[in-house]
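Listing of upload.txt, compact mmCIF, C-alpha atoms
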```
# COMPACT_ATOMS: atom_id res chain seq x y z
CA MET Q 1 15.18 2.65 -30.73
CA LYS Q 2 18.36 4.66 -30.60
CA LYS Q 3 16.92 6.94 -33.32
CA ASN Q 4 13.94 7.80 -31.06
CA VAL Q 5 16.25 8.65 -28.17
CA MET Q 6 18.39 10.80 -30.47
CA LYS Q 7 15.27 12.60 -31.80
CA ASN Q 8 14.14 13.37 -28.26
CA ILE Q 9 17.58 14.67 -27.29
CA LEU Q 10 17.62 16.83 -30.44
CA ALA Q 11 14.16 18.20 -29.57
CA VAL Q 12 15.37 19.14 -26.07
CA SER Q 13 18.41 20.87 -27.59
CA VAL Q 14 16.25 22.88 -30.00
CA VAL Q 15 13.88 23.97 -27.23
CA ALA Q 16 16.82 24.91 -25.01
CA ALA Q 17 18.39 26.90 -27.85
CA MET Q 18 15.10 28.75 -28.35
CA ALA Q 19 14.99 29.59 -24.65
CA MET Q 20 18.53 30.91 -24.74
CA SER Q 21 17.75 32.95 -27.86
CA VAL Q 22 14.74 34.56 -26.23
CA ALA Q 23 16.78 35.36 -23.12
CA ALA Q 24 19.61 36.82 -25.20
CA CYS Q 25 17.31 39.28 -26.95
CA GLY Q 26 17.13 41.29 -23.77
CA ASN Q 27 13.46 42.11 -24.39
CA THR Q 28 12.04 42.69 -20.94
CA THR Q 29 8.39 43.15 -21.84
CA GLU Q 30 5.84 40.95 -20.14
CA THR Q 31 5.18 39.05 -23.39
CA SER Q 32 8.84 38.20 -23.74
CA ALA Q 33 9.05 37.11 -20.09
CA GLU Q 34 5.92 34.97 -20.50
CA THR Q 35 7.38 33.42 -23.65
CA GLU Q 36 10.65 32.68 -21.90
CA GLU Q 37 8.80 31.11 -18.96
CA THR Q 38 6.71 28.98 -21.36
CA VAL Q 39 9.81 27.89 -23.25
CA VAL Q 40 11.58 26.95 -20.00
CA GLU Q 41 8.53 25.03 -18.75
CA THR Q 42 8.23 23.27 -22.11
CA SER Q 43 11.94 22.46 -22.02
CA GLU Q 44 11.68 20.99 -18.54
CA GLU Q 45 8.64 18.90 -19.55
CA THR Q 46 10.42 17.69 -22.69
CA VAL Q 47 13.52 16.75 -20.69
CA ALA Q 48 11.37 14.81 -18.20
CA GLU Q 49 9.52 13.04 -21.02
CA THR Q 50 12.80 12.26 -22.76
CA GLU Q 51 14.29 10.82 -19.59
CA GLU Q 52 11.18 8.66 -19.13
CA THR Q 53 11.34 7.53 -22.76
CA VAL Q 54 15.03 6.67 -22.42
CA ALA Q 55 14.33 4.61 -19.28
CA GLU Q 56 11.45 2.78 -21.00
CA THR Q 57 13.59 2.18 -24.08
CA GLU Q 58 16.45 0.80 -21.99
CA GLU Q 59 14.01 -1.54 -20.18
CA THR Q 60 12.55 -2.74 -23.50
CA VAL Q 61 16.03 -3.31 -24.93
CA ALA Q 62 17.03 -5.33 -21.85
CA GLU Q 63 13.85 -7.45 -22.06
CA THR Q 64 14.34 -8.03 -25.80
CA GLU Q 65 17.99 -8.99 -25.35
CA ALA Q 66 17.09 -11.45 -22.56
CA SER Q 67 14.36 -13.03 -24.70
CA GLU Q 68 16.63 -13.28 -27.74
CA ALA Q 69 19.40 -14.81 -25.61
CA ALA Q 70 17.03 -17.50 -24.30
CA GLU Q 71 15.81 -18.33 -27.82
CA THR Q 72 19.37 -18.43 -29.15
CA GLU Q 73 20.48 -20.71 -26.32
CA ALA Q 74 17.62 -23.16 -27.02
CA SER Q 75 18.40 -23.13 -30.76
CA GLU Q 76 22.12 -23.60 -30.16
CA THR Q 77 21.42 -26.47 -27.76
CA ALA Q 78 19.21 -28.21 -30.32
CA ALA Q 79 21.76 -27.59 -33.08
CA ALA Q 80 24.59 -28.91 -30.92
CA ILE Q 81 22.88 -32.28 -30.55
CA GLU Q 82 24.46 -34.37 -33.24
CA LEU Q 83 22.04 -36.76 -34.90
CA ASP Q 84 22.19 -38.17 -38.39
CA GLY Q 85 18.90 -36.49 -39.32
CA GLU Q 86 17.12 -39.58 -40.63
CA ILE Q 87 13.34 -39.55 -40.43
CA ASP Q 88 10.97 -42.50 -40.71
CA GLU Q 89 7.77 -41.04 -42.21
CA ASP Q 90 5.70 -43.81 -40.53
CA LEU Q 91 6.83 -42.53 -37.11
CA ILE Q 92 5.56 -38.96 -37.58
CA GLY Q 93 2.64 -38.19 -35.29
CA SER Q 94 1.73 -38.68 -31.63
CA TRP Q 95 2.06 -41.98 -29.76
CA THR Q 96 0.78 -42.61 -26.22
CA ILE Q 97 1.25 -45.22 -23.51
CA GLU Q 98 -0.78 -45.37 -20.30
CA GLU Q 99 0.45 -47.46 -17.39
CA GLU Q 100 -0.27 -47.46 -13.66
CA GLY Q 101 -1.81 -43.99 -13.51
CA SER Q 102 0.74 -42.33 -15.77
CA THR Q 103 0.60 -41.25 -19.40
CA VAL Q 104 3.52 -40.62 -21.74
CA THR Q 105 3.01 -39.16 -25.20
CA TYR Q 106 5.76 -38.86 -27.80
CA THR Q 107 5.11 -36.49 -30.69
CA PHE Q 108 7.49 -36.82 -33.63
CA ASN Q 109 7.50 -34.01 -36.22
CA ASP Q 110 8.79 -34.22 -39.78
CA ASP Q 111 11.83 -32.02 -39.02
CA ASN Q 112 13.58 -34.21 -36.41
CA THR Q 113 11.95 -32.32 -33.54
CA GLY Q 114 9.17 -33.28 -31.20
CA VAL Q 115 7.82 -33.27 -27.69
CA VAL Q 116 7.55 -35.78 -24.86
CA GLU Q 117 4.62 -35.14 -22.51
CA MET Q 118 4.48 -36.98 -19.19
CA ALA Q 119 1.55 -36.95 -16.79
CA ILE Q 120 1.38 -38.70 -13.42
CA GLU Q 121 -1.81 -38.12 -11.45
CA ASP Q 122 -2.12 -34.31 -11.09
CA GLU Q 123 1.38 -33.43 -12.28
CA SER Q 124 2.67 -33.11 -15.81
CA ALA Q 125 5.79 -32.09 -17.68
CA GLU Q 126 6.66 -31.42 -21.30
CA PHE Q 127 10.09 -31.69 -22.90
CA GLU Q 128 11.27 -30.64 -26.36
CA ILE Q 129 13.19 -33.35 -28.17
CA VAL Q 130 15.23 -33.94 -31.28
CA TYR Q 131 15.32 -37.40 -32.76
CA SER Q 132 16.67 -39.56 -35.52
CA ALA Q 133 14.97 -42.72 -36.78
CA ASP Q 134 16.06 -45.00 -39.60
CA GLY Q 135 13.25 -47.59 -39.66
CA GLU Q 136 14.85 -49.83 -37.02
CA ASN Q 137 16.71 -47.64 -34.52
CA ILE Q 138 15.65 -44.42 -32.87
CA THR Q 139 17.69 -41.93 -30.86
CA VAL Q 140 15.84 -39.36 -28.75
CA VAL Q 141 17.56 -36.43 -27.02
CA MET Q 142 15.80 -33.98 -24.70
CA VAL Q 143 16.84 -30.47 -25.75
CA ASP Q 144 17.12 -29.19 -22.17
CA TYR Q 145 19.06 -32.30 -21.12
CA PRO Q 146 21.36 -33.10 -24.06
CA ASP Q 147 23.35 -35.61 -22.00
CA ASP Q 148 20.16 -37.66 -21.52
CA THR Q 149 20.06 -39.66 -24.77
CA ASP Q 150 17.66 -42.56 -25.22
CA GLU Q 151 18.30 -45.20 -27.85
CA ALA Q 152 15.95 -47.99 -28.79
CA THR Q 153 14.95 -50.30 -31.57
CA TYR Q 154 11.41 -49.93 -32.77
CA THR Q 155 8.74 -51.47 -34.93
CA ILE Q 156 5.46 -50.08 -36.16
CA ASP Q 157 2.52 -52.42 -36.69
CA GLY Q 158 -0.55 -50.45 -37.74
CA ASP Q 159 -1.29 -48.04 -34.89
CA THR Q 160 1.15 -49.68 -32.45
CA LEU Q 161 4.71 -48.46 -31.92
CA THR Q 162 6.91 -50.86 -29.96
CA LEU Q 163 10.07 -49.38 -28.42
CA VAL Q 164 12.66 -51.79 -27.04
CA THR Q 165 15.53 -50.54 -24.87
CA GLU Q 166 18.04 -52.45 -22.77
CA ASN Q 167 15.69 -52.32 -19.78
CA GLU Q 168 12.14 -52.37 -21.11
CA THR Q 169 9.66 -52.77 -23.92
CA MET Q 170 6.91 -50.18 -24.38
CA GLU Q 171 3.90 -50.37 -26.66
CA LEU Q 172 2.46 -47.02 -27.63
CA THR Q 173 -0.74 -46.34 -29.56
CA ARG Q 174 -1.01 -43.80 -32.38
CA GLU Q 175 -3.32 -40.91 -31.50
CA ALA Q 176 -5.98 -39.97 -33.98
```

In structure tokens, what does this structure look like?
Amino acid sequence: MKKNVMKNILAVSVVAAMAMSVAACGNTTETSAETEETVVETSEETVAETEETVAETEETVAETEASEAAETEASETAAAIELDGEIDEDLIGSWTIEEEGSTVTYTFNDDNTGVVEMAIEDESAEFEIVYSADGENITVVMVDYPDDTDEATYTIDGDTLTLVTENETMELTREA
């Protein structure tokens, strides 16, 4: 992007130099005056276009930097969550539980990431997670809330995943 700005500045400089050269010749014929006027008009248009391009470029750079910063922050947050990285292949997939008008779906990917989707009546929310599972114990951490760590024991029997925490037992069904 900086190269485009530099090219435009160089173009303005060249046009300005041409205008000065024409003026320095001292040729006062109408053709020379018309040429000088055209060069000046062209220079002014080029300067205006360059200024507009610079403003657009600065806006694009700011938007790109903001987007990259958000992506970096999410990646750093996920990387900062310390899990042992174990994956139980039987756990990979989506598991759902429906109770009292609400639905919760856990999706476990094969790279220790996943998603928890929660829906209650007309409202829903989705949270990115990282997890570790060793065949008996599972630890789930919401990426946006790294201090909110859930630990449970679990068993898989066919298409039923049973999660047992200190406070509750949940039975989820594998989605097709």

Residues near stretch 91-102 of chain Q, cut-off 7 Å, all atoms listed in the file, skip fewer than 2 positions along chain, as a ChimeraX atom specification: /Q:88-89,104-110,119-121,171-175

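Going from atom CA of Q:Val141 over to atom CA of Q:Glu128, you cover 8.6 Å.
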
Straight-line distance linking atom CA of Q:Val164 with atom CA of Q:Glu86, stated in Å to one decimal: 18.8 Å

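The space separating atom CA of Q:Thr165 from atom CA of Q:Asp150 comes to 8.3 Å.
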
Among the residues Q:Asp111, Q:Asp144, Q:Glu63, Q:Glu44, the one that comes closest to Q:Ser132 [using all atoms listed in the file]: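 Selected residue with least distance to Q:Ser132: Q:Asp111.
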
With the input short on atoms, add all heavy atoms back to stretch 151-162 of chain Q and write it as a tab-separated table (two decimals), in the coordinates of the input.
```tsv
chain	number	residue	atom	x	y	z
Q	151	GLU	N	18.20	-44.45	-26.60
Q	151	GLU	CA	18.30	-45.20	-27.85
Q	151	GLU	C	17.46	-46.46	-27.72
Q	151	GLU	O	17.42	-47.08	-26.65
Q	151	GLU	CB	19.75	-45.55	-28.15
Q	151	GLU	CG	20.60	-44.32	-28.42
Q	151	GLU	CD	22.05	-44.65	-28.73
Q	151	GLU	OE1	22.47	-45.81	-28.55
Q	151	GLU	OE2	22.77	-43.73	-29.14
Q	152	ALA	N	16.79	-46.80	-28.80
Q	152	ALA	CA	15.95	-47.99	-28.79
Q	152	ALA	C	15.81	-48.53	-30.20
Q	152	ALA	O	16.08	-47.83	-31.18
Q	152	ALA	CB	14.57	-47.65	-28.23
Q	153	THR	N	15.39	-49.77	-30.28
Q	153	THR	CA	14.95	-50.30	-31.57
Q	153	THR	C	13.44	-50.14	-31.56
Q	153	THR	O	12.81	-50.02	-30.49
Q	153	THR	CB	15.34	-51.78	-31.74
Q	153	THR	OG1	14.76	-52.54	-30.69
Q	153	THR	CG2	16.84	-51.95	-31.77
Q	154	TYR	N	12.86	-50.09	-32.74
Q	154	TYR	CA	11.41	-49.93	-32.77
Q	154	TYR	C	10.81	-50.64	-33.98
Q	154	TYR	O	11.48	-50.89	-34.98
Q	154	TYR	CB	11.02	-48.46	-32.78
Q	154	TYR	CG	11.31	-47.72	-34.06
Q	154	TYR	CD1	10.32	-47.54	-35.03
Q	154	TYR	CD2	12.58	-47.21	-34.32
Q	154	TYR	CE1	10.59	-46.86	-36.21
Q	154	TYR	CE2	12.85	-46.53	-35.49
Q	154	TYR	CZ	11.85	-46.36	-36.43
Q	154	TYR	OH	12.11	-45.69	-37.60
Q	155	THR	N	9.52	-50.95	-33.82
Q	155	THR	CA	8.74	-51.47	-34.93
Q	155	THR	C	7.38	-50.78	-34.89
Q	155	THR	O	6.91	-50.37	-33.82
Q	155	THR	CB	8.53	-53.00	-34.83
Q	155	THR	OG1	7.92	-53.31	-33.57
Q	155	THR	CG2	9.84	-53.75	-34.97
Q	156	ILE	N	6.80	-50.65	-36.06
Q	156	ILE	CA	5.46	-50.08	-36.16
Q	156	ILE	C	4.59	-51.12	-36.83
Q	156	ILE	O	4.89	-51.62	-37.92
Q	156	ILE	CB	5.47	-48.78	-36.99
Q	156	ILE	CG1	6.35	-47.73	-36.31
Q	156	ILE	CG2	4.05	-48.26	-37.19
Q	156	ILE	CD1	6.56	-46.46	-37.12
Q	157	ASP	N	3.49	-51.47	-36.15
Q	157	ASP	CA	2.52	-52.42	-36.69
Q	157	ASP	C	1.15	-51.75	-36.61
Q	157	ASP	O	0.55	-51.68	-35.53
Q	157	ASP	CB	2.55	-53.72	-35.89
Q	157	ASP	CG	1.64	-54.79	-36.48
Q	157	ASP	OD1	1.23	-54.66	-37.66
Q	157	ASP	OD2	1.34	-55.76	-35.76
Q	158	GLY	N	0.72	-51.18	-37.73
Q	158	GLY	CA	-0.55	-50.45	-37.74
Q	158	GLY	C	-0.44	-49.21	-36.87
Q	158	GLY	O	0.37	-48.33	-37.12
Q	159	ASP	N	-1.28	-49.18	-35.81
Q	159	ASP	CA	-1.29	-48.04	-34.89
Q	159	ASP	C	-0.53	-48.34	-33.60
Q	159	ASP	O	-0.75	-47.69	-32.58
Q	159	ASP	CB	-2.74	-47.64	-34.57
Q	159	ASP	CG	-3.42	-46.96	-35.74
Q	159	ASP	OD1	-2.70	-46.41	-36.61
Q	159	ASP	OD2	-4.66	-46.97	-35.80
Q	160	THR	N	0.36	-49.33	-33.63
Q	160	THR	CA	1.15	-49.68	-32.45
Q	160	THR	C	2.63	-49.47	-32.74
Q	160	THR	O	3.17	-50.00	-33.70
Q	160	THR	CB	0.90	-51.14	-32.03
Q	160	THR	OG1	-0.50	-51.32	-31.77
Q	160	THR	CG2	1.69	-51.50	-30.78
Q	161	LEU	N	3.27	-48.69	-31.86
Q	161	LEU	CA	4.71	-48.46	-31.92
Q	161	LEU	C	5.33	-49.20	-30.74
Q	161	LEU	O	4.96	-48.96	-29.58
Q	161	LEU	CB	5.02	-46.96	-31.80
Q	161	LEU	CG	6.47	-46.55	-31.54
Q	161	LEU	CD1	7.36	-46.96	-32.72
Q	161	LEU	CD2	6.57	-45.05	-31.29
Q	162	THR	N	6.23	-50.11	-31.02
Q	162	THR	CA	6.91	-50.86	-29.96
Q	162	THR	C	8.35	-50.37	-29.88
Q	162	THR	O	9.09	-50.42	-30.86
Q	162	THR	CB	6.88	-52.38	-30.25
Q	162	THR	OG1	5.52	-52.79	-30.41
Q	162	THR	CG2	7.52	-53.15	-29.12
```
